[in-house]
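Undergrad: Can you read through this structure? Questions will come right after.
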Amino acid sequence: MKKISIVIPAYNEEENLSQIRLAVDKVFKSLSGYNYEIIFVNDGSRDNTQLILEDLAKEFSQVKFIEFSRNFGHQNAVKAGLDFADGNCVISMDGDLQHPPEMIPQLIQKWEEGFDIVYTIRKYSKSISYFKRKTSDFFYHLLSSLSDVELEKGSSDFRLMDASVIEVIRQSGESDIFLRGLVKWVGFRQYSIPFIAADRFAGSSKYDLGRMIKFAFTGITAFSVKPLYLAAYLGFFFSLLPLLYIPYVIYSFINESEISGWASLIMTVVFFGGVQLIILGILGIYMGKIFKQMKDRPIYIVRSKNIN
Ligand code: UDP
Ligand code: MG
């Protein structure tokens, strides 16, 4: 029998845990030939997530949990699940039932056909806010144009990966891990399936605007140094600009005794002040990444677990 590991990060998901376990169990009851385990990664939840996971684990042998010492973030939680999973393939999905478990057989089927990575593309359901749609589309657009990985609009963390892929991802020692990009980047044979995201079963989204922006920066800077080139190009461009201005200055100097231009002077100073700060900021983001990577701290700390 082949074994499938399901990895589910959970941050304050107390109301969703039994429901998702039940839904996954139902799917596997209808599939023959597969064993499964569900690895819940409790990412420092402050509600009863841990208690519920321990109860579920007592009741159902397929339920495993990894409890973090504090909140380390969604990406690191998924990475931890991948580190401990030992199935022939691993499926990662959210713990709020937005990623429909009923699609699991489809993912497995494509895997059986020989694909190493079967990932999903989220099509929007009507209930997702206009703002979230637009910001998300903009993010993927920006990411694809600024980096060297081509990520489709609506790429999600609901995907199946063969054990050979997991082996490669496990070895990545990145401190700011961005799995959507990394999984695309590793190559192998990939297949994508669209799906309509369901509504959250219970609770509320853990990604507010601030977190989404940070996530976007992480994604872009994890896969490209193009923003740095952008800074250099801008520099060249603006250093050529004064050449156009010099003839005017000379002309005015000869014909008038005084050159006016207070307003344009202030504009220029403010504008270039801004450009320089942005470029410094970009440099800073990369420096911060180097700093984090240098310290080489673990990307998550396990407090307790029932899996080896
Ligand atoms: N999550 C996590 N750690 C965090 C934030 C989120 O493990 O710091 C989990 C969360 O429990 C859920 C998944 O990541 O299973 C996706 O989060 P959410 O549903 O809040 O994101 P959204 O679907 O709104 O983008
Ligand atoms: Mg969600």
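Letters A, B, ... mark the chains of the structure tokens in the order given; residue numbers begin at 1 per chain; ligand numbers begin at 1, in order shown.
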Could you name the residues that touch Gln75 (chain A) at 9 Å or less, counting only C-alpha atoms, but leaving out those on the same chain fewer than 6 positions away, as a list in words?

TA: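 The neighbour list is Pro9, Asp176, Ile177, Phe178 and Leu179 of chain A.
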
Undergrad: Print the selection's residues with N, CA and C atoms to a file, as a PDB file, in the first residue's frame.

TA:
```pdb
ATOM      1  N   PRO A   9      -0.948  23.068   8.089  1.00  0.00           N
ATOM      2  CA  PRO A   9      -0.542  24.044   9.097  1.00  0.00           C
ATOM      3  C   PRO A   9      -1.778  24.582   9.796  1.00  0.00           C
ATOM      4  N   ASP A 176      14.254  32.405   4.766  1.00  0.00           N
ATOM      5  CA  ASP A 176      12.982  33.024   4.396  1.00  0.00           C
ATOM      6  C   ASP A 176      12.366  32.173   3.318  1.00  0.00           C
ATOM      7  N   ILE A 177      11.734  31.083   3.702  1.00  0.00           N
ATOM      8  CA  ILE A 177      11.323  30.144   2.677  1.00  0.00           C
ATOM      9  C   ILE A 177      10.010  30.584   2.021  1.00  0.00           C
ATOM     10  N   PHE A 178       9.960  30.475   0.701  1.00  0.00           N
ATOM     11  CA  PHE A 178       8.759  30.833  -0.056  1.00  0.00           C
ATOM     12  C   PHE A 178       8.443  29.634  -0.945  1.00  0.00           C
ATOM     13  N   LEU A 179       7.598  28.747  -0.398  1.00  0.00           N
ATOM     14  CA  LEU A 179       7.426  27.434  -1.016  1.00  0.00           C
ATOM     15  C   LEU A 179       6.844  27.473  -2.426  1.00  0.00           C
TER      16      LEU A 179
END
```

Undergrad: May I have all residues of region 56-113 of chain A that DSSP, computed from the backbone, assigns to strand (DSSP E or B), given as a ChimeraX atom specification?

TA: /A:63-68,89-92

Undergrad: Could you take the residues named above and write them with all heavy atoms, as a PDB file, in the first residue's frame?

TA:
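That gives us part-v1.pdb:
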```pdb
ATOM      1  N   VAL A  63      -3.624  10.469  12.837  1.00  0.00           N
ATOM      2  CA  VAL A  63      -3.387  11.881  13.158  1.00  0.00           C
ATOM      3  C   VAL A  63      -2.063  12.077  13.877  1.00  0.00           C
ATOM      4  O   VAL A  63      -1.793  11.484  14.916  1.00  0.00           O
ATOM      5  CB  VAL A  63      -4.536  12.456  14.027  1.00  0.00           C
ATOM      6  CG1 VAL A  63      -4.216  13.882  14.465  1.00  0.00           C
ATOM      7  CG2 VAL A  63      -5.843  12.417  13.252  1.00  0.00           C
ATOM      8  N   LYS A  64      -1.200  12.893  13.270  1.00  0.00           N
ATOM      9  CA  LYS A  64       0.079  13.248  13.892  1.00  0.00           C
ATOM     10  C   LYS A  64       0.072  14.750  14.120  1.00  0.00           C
ATOM     11  O   LYS A  64      -0.599  15.489  13.412  1.00  0.00           O
ATOM     12  CB  LYS A  64       1.239  12.920  12.947  1.00  0.00           C
ATOM     13  CG  LYS A  64       1.193  11.525  12.366  1.00  0.00           C
ATOM     14  CD  LYS A  64       1.740  10.539  13.346  1.00  0.00           C
ATOM     15  CE  LYS A  64       1.947   9.179  12.728  1.00  0.00           C
ATOM     16  NZ  LYS A  64       1.041   8.147  13.174  1.00  0.00           N
ATOM     17  N   PHE A  65       0.824  15.166  15.117  1.00  0.00           N
ATOM     18  CA  PHE A  65       0.933  16.617  15.299  1.00  0.00           C
ATOM     19  C   PHE A  65       2.362  17.030  15.587  1.00  0.00           C
ATOM     20  O   PHE A  65       3.161  16.255  16.106  1.00  0.00           O
ATOM     21  CB  PHE A  65      -0.006  17.112  16.415  1.00  0.00           C
ATOM     22  CG  PHE A  65       0.335  16.572  17.781  1.00  0.00           C
ATOM     23  CD1 PHE A  65       1.347  17.143  18.541  1.00  0.00           C
ATOM     24  CD2 PHE A  65      -0.357  15.486  18.294  1.00  0.00           C
ATOM     25  CE1 PHE A  65       1.664  16.641  19.799  1.00  0.00           C
ATOM     26  CE2 PHE A  65      -0.041  14.971  19.548  1.00  0.00           C
ATOM     27  CZ  PHE A  65       0.973  15.545  20.301  1.00  0.00           C
ATOM     28  N   ILE A  66       2.679  18.243  15.202  1.00  0.00           N
ATOM     29  CA  ILE A  66       3.957  18.865  15.541  1.00  0.00           C
ATOM     30  C   ILE A  66       3.585  20.213  16.153  1.00  0.00           C
ATOM     31  O   ILE A  66       2.910  21.013  15.512  1.00  0.00           O
ATOM     32  CB  ILE A  66       4.817  19.120  14.284  1.00  0.00           C
ATOM     33  CG1 ILE A  66       5.105  17.798  13.558  1.00  0.00           C
ATOM     34  CG2 ILE A  66       6.113  19.831  14.639  1.00  0.00           C
ATOM     35  CD1 ILE A  66       5.672  17.993  12.162  1.00  0.00           C
ATOM     36  N   GLU A  67       3.970  20.429  17.388  1.00  0.00           N
ATOM     37  CA  GLU A  67       3.624  21.689  18.038  1.00  0.00           C
ATOM     38  C   GLU A  67       4.852  22.598  18.066  1.00  0.00           C
ATOM     39  O   GLU A  67       5.915  22.198  18.543  1.00  0.00           O
ATOM     40  CB  GLU A  67       3.140  21.425  19.472  1.00  0.00           C
ATOM     41  CG  GLU A  67       2.713  22.682  20.199  1.00  0.00           C
ATOM     42  CD  GLU A  67       2.599  22.491  21.723  1.00  0.00           C
ATOM     43  OE1 GLU A  67       3.106  21.487  22.258  1.00  0.00           O
ATOM     44  OE2 GLU A  67       2.021  23.379  22.367  1.00  0.00           O
ATOM     45  N   PHE A  68       4.721  23.799  17.546  1.00  0.00           N
ATOM     46  CA  PHE A  68       5.815  24.769  17.597  1.00  0.00           C
ATOM     47  C   PHE A  68       5.860  25.462  18.952  1.00  0.00           C
ATOM     48  O   PHE A  68       4.854  25.551  19.648  1.00  0.00           O
ATOM     49  CB  PHE A  68       5.633  25.849  16.513  1.00  0.00           C
ATOM     50  CG  PHE A  68       6.003  25.397  15.120  1.00  0.00           C
ATOM     51  CD1 PHE A  68       5.872  26.281  14.050  1.00  0.00           C
ATOM     52  CD2 PHE A  68       6.487  24.125  14.868  1.00  0.00           C
ATOM     53  CE1 PHE A  68       6.205  25.906  12.767  1.00  0.00           C
ATOM     54  CE2 PHE A  68       6.826  23.730  13.586  1.00  0.00           C
ATOM     55  CZ  PHE A  68       6.683  24.621  12.525  1.00  0.00           C
ATOM     56  N   CYS A  89       4.143  10.223  -1.220  1.00  0.00           N
ATOM     57  CA  CYS A  89       3.976  11.601  -1.672  1.00  0.00           C
ATOM     58  C   CYS A  89       3.349  12.392  -0.540  1.00  0.00           C
ATOM     59  O   CYS A  89       2.864  11.823   0.438  1.00  0.00           O
ATOM     60  CB  CYS A  89       3.139  11.687  -2.944  1.00  0.00           C
ATOM     61  SG  CYS A  89       1.405  11.368  -2.687  1.00  0.00           S
ATOM     62  N   VAL A  90       3.438  13.708  -0.648  1.00  0.00           N
ATOM     63  CA  VAL A  90       2.898  14.573   0.401  1.00  0.00           C
ATOM     64  C   VAL A  90       1.935  15.566  -0.230  1.00  0.00           C
ATOM     65  O   VAL A  90       2.208  16.107  -1.294  1.00  0.00           O
ATOM     66  CB  VAL A  90       4.033  15.366   1.091  1.00  0.00           C
ATOM     67  CG1 VAL A  90       3.469  16.281   2.167  1.00  0.00           C
ATOM     68  CG2 VAL A  90       5.073  14.432   1.676  1.00  0.00           C
ATOM     69  N   ILE A  91       0.805  15.758   0.411  1.00  0.00           N
ATOM     70  CA  ILE A  91      -0.123  16.791  -0.047  1.00  0.00           C
ATOM     71  C   ILE A  91      -0.186  17.860   1.034  1.00  0.00           C
ATOM     72  O   ILE A  91      -0.415  17.555   2.200  1.00  0.00           O
ATOM     73  CB  ILE A  91      -1.535  16.211  -0.277  1.00  0.00           C
ATOM     74  CG1 ILE A  91      -1.498  15.170  -1.398  1.00  0.00           C
ATOM     75  CG2 ILE A  91      -2.527  17.329  -0.601  1.00  0.00           C
ATOM     76  CD1 ILE A  91      -2.796  14.442  -1.625  1.00  0.00           C
ATOM     77  N   SER A  92       0.074  19.120   0.664  1.00  0.00           N
ATOM     78  CA  SER A  92      -0.065  20.187   1.658  1.00  0.00           C
ATOM     79  C   SER A  92      -1.361  20.937   1.393  1.00  0.00           C
ATOM     80  O   SER A  92      -1.715  21.175   0.236  1.00  0.00           O
ATOM     81  CB  SER A  92       1.130  21.133   1.597  1.00  0.00           C
ATOM     82  OG  SER A  92       1.190  21.762   0.333  1.00  0.00           O
TER      83      SER A  92
END
```

Undergrad: Any chance you could tabulate, as JSON lines, the residues of chain A at most 12 Å from ligand 2 with each one's nearest atom pair and distance in Å to one decimal, using only C-alpha atoms and all ligand atoms, in chain and rising number order?

TA:
```
{"residue": "A:Ile8", "atom": "CA", "partner": "ligand 2", "partner_atom_place_in_ligand_line": "1 (Mg)", "distance": 11.5}
{"residue": "A:Pro9", "atom": "CA", "partner": "ligand 2", "partner_atom_place_in_ligand_line": "1 (Mg)", "distance": 10.7}
{"residue": "A:Ala10", "atom": "CA", "partner": "ligand 2", "partner_atom_place_in_ligand_line": "1 (Mg)", "distance": 10.3}
{"residue": "A:Tyr11", "atom": "CA", "partner": "ligand 2", "partner_atom_place_in_ligand_line": "1 (Mg)", "distance": 10.6}
{"residue": "A:Asn12", "atom": "CA", "partner": "ligand 2", "partner_atom_place_in_ligand_line": "1 (Mg)", "distance": 11.7}
{"residue": "A:Glu13", "atom": "CA", "partner": "ligand 2", "partner_atom_place_in_ligand_line": "1 (Mg)", "distance": 10.3}
{"residue": "A:Asn16", "atom": "CA", "partner": "ligand 2", "partner_atom_place_in_ligand_line": "1 (Mg)", "distance": 11.1}
{"residue": "A:His74", "atom": "CA", "partner": "ligand 2", "partner_atom_place_in_ligand_line": "1 (Mg)", "distance": 10.8}
{"residue": "A:Met93", "atom": "CA", "partner": "ligand 2", "partner_atom_place_in_ligand_line": "1 (Mg)", "distance": 9.6}
{"residue": "A:Asp94", "atom": "CA", "partner": "ligand 2", "partner_atom_place_in_ligand_line": "1 (Mg)", "distance": 6.3}
{"residue": "A:Gly95", "atom": "CA", "partner": "ligand 2", "partner_atom_place_in_ligand_line": "1 (Mg)", "distance": 7.4}
{"residue": "A:Asp96", "atom": "CA", "partner": "ligand 2", "partner_atom_place_in_ligand_line": "1 (Mg)", "distance": 5.6}
{"residue": "A:Leu97", "atom": "CA", "partner": "ligand 2", "partner_atom_place_in_ligand_line": "1 (Mg)", "distance": 7.5}
{"residue": "A:Gln98", "atom": "CA", "partner": "ligand 2", "partner_atom_place_in_ligand_line": "1 (Mg)", "distance": 5.6}
{"residue": "A:His99", "atom": "CA", "partner": "ligand 2", "partner_atom_place_in_ligand_line": "1 (Mg)", "distance": 8.1}
{"residue": "A:Pro100", "atom": "CA", "partner": "ligand 2", "partner_atom_place_in_ligand_line": "1 (Mg)", "distance": 11.2}
{"residue": "A:Arg122", "atom": "CA", "partner": "ligand 2", "partner_atom_place_in_ligand_line": "1 (Mg)", "distance": 11.6}
{"residue": "A:Ile128", "atom": "CA", "partner": "ligand 2", "partner_atom_place_in_ligand_line": "1 (Mg)", "distance": 10.7}
{"residue": "A:Ser156", "atom": "CA", "partner": "ligand 2", "partner_atom_place_in_ligand_line": "1 (Mg)", "distance": 10.4}
{"residue": "A:Asp157", "atom": "CA", "partner": "ligand 2", "partner_atom_place_in_ligand_line": "1 (Mg)", "distance": 10.4}
{"residue": "A:Phe158", "atom": "CA", "partner": "ligand 2", "partner_atom_place_in_ligand_line": "1 (Mg)", "distance": 10.9}
{"residue": "A:Ala197", "atom": "CA", "partner": "ligand 2", "partner_atom_place_in_ligand_line": "1 (Mg)", "distance": 8.8}
{"residue": "A:Ala198", "atom": "CA", "partner": "ligand 2", "partner_atom_place_in_ligand_line": "1 (Mg)", "distance": 8.9}
{"residue": "A:Asp199", "atom": "CA", "partner": "ligand 2", "partner_atom_place_in_ligand_line": "1 (Mg)", "distance": 7.8}
{"residue": "A:Arg200", "atom": "CA", "partner": "ligand 2", "partner_atom_place_in_ligand_line": "1 (Mg)", "distance": 5.8}
{"residue": "A:Phe201", "atom": "CA", "partner": "ligand 2", "partner_atom_place_in_ligand_line": "1 (Mg)", "distance": 8.8}
{"residue": "A:Ala202", "atom": "CA", "partner": "ligand 2", "partner_atom_place_in_ligand_line": "1 (Mg)", "distance": 9.7}
{"residue": "A:Gly203", "atom": "CA", "partner": "ligand 2", "partner_atom_place_in_ligand_line": "1 (Mg)", "distance": 9.3}
{"residue": "A:Ser204", "atom": "CA", "partner": "ligand 2", "partner_atom_place_in_ligand_line": "1 (Mg)", "distance": 7.8}
{"residue": "A:Ser205", "atom": "CA", "partner": "ligand 2", "partner_atom_place_in_ligand_line": "1 (Mg)", "distance": 5.6}
{"residue": "A:Lys206", "atom": "CA", "partner": "ligand 2", "partner_atom_place_in_ligand_line": "1 (Mg)", "distance": 7.6}
{"residue": "A:Tyr207", "atom": "CA", "partner": "ligand 2", "partner_atom_place_in_ligand_line": "1 (Mg)", "distance": 8.4}
{"residue": "A:Asp208", "atom": "CA", "partner": "ligand 2", "partner_atom_place_in_ligand_line": "1 (Mg)", "distance": 11.4}
```

Undergrad: Tell me, as number ranges by chain, which residues lie within 8 Å of Tyr300 (chain A), counting only C-alpha atoms; anything in the same chain fewer than 2 positions away does not count.

TA: A: 68-69, 72, 76-77, 80, 298, 302

Undergrad: Could you name the residues that touch Lys289 (chain A) at 9 Å or less, counting only C-alpha atoms, but leaving out those on the same chain fewer than 6 positions away, as a PyMOL selection string?

TA: chain A and resi 175-176+221-222

Undergrad: Convert the current residue selection to file output with N, CA and C atoms, as a JSON list (two decimals), in the first residue's frame.

TA:
```json
[["chain", "number", "residue", "atom", "x", "y", "z"],
["A", 175, "SER", "N", 16.37, 30.66, 5.01],
["A", 175, "SER", "CA", 15.74, 31.14, 6.23],
["A", 175, "SER", "C", 14.39, 31.79, 5.95],
["A", 176, "ASP", "N", 14.25, 32.41, 4.77],
["A", 176, "ASP", "CA", 12.98, 33.02, 4.40],
["A", 176, "ASP", "C", 12.37, 32.17, 3.32],
["A", 221, "THR", "N", 12.01, 38.85, -3.36],
["A", 221, "THR", "CA", 13.45, 38.88, -3.10],
["A", 221, "THR", "C", 14.05, 37.48, -2.96],
["A", 222, "ALA", "N", 13.18, 36.47, -2.76],
["A", 222, "ALA", "CA", 13.72, 35.12, -2.62],
["A", 222, "ALA", "C", 14.16, 34.55, -3.96]]
```

Undergrad: Calculate how many Å separate CA of His141 (chain A) from CA of Val225 (chain A), rounding to one decimal.

TA: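 These two atoms are separated by 16.5 Å.
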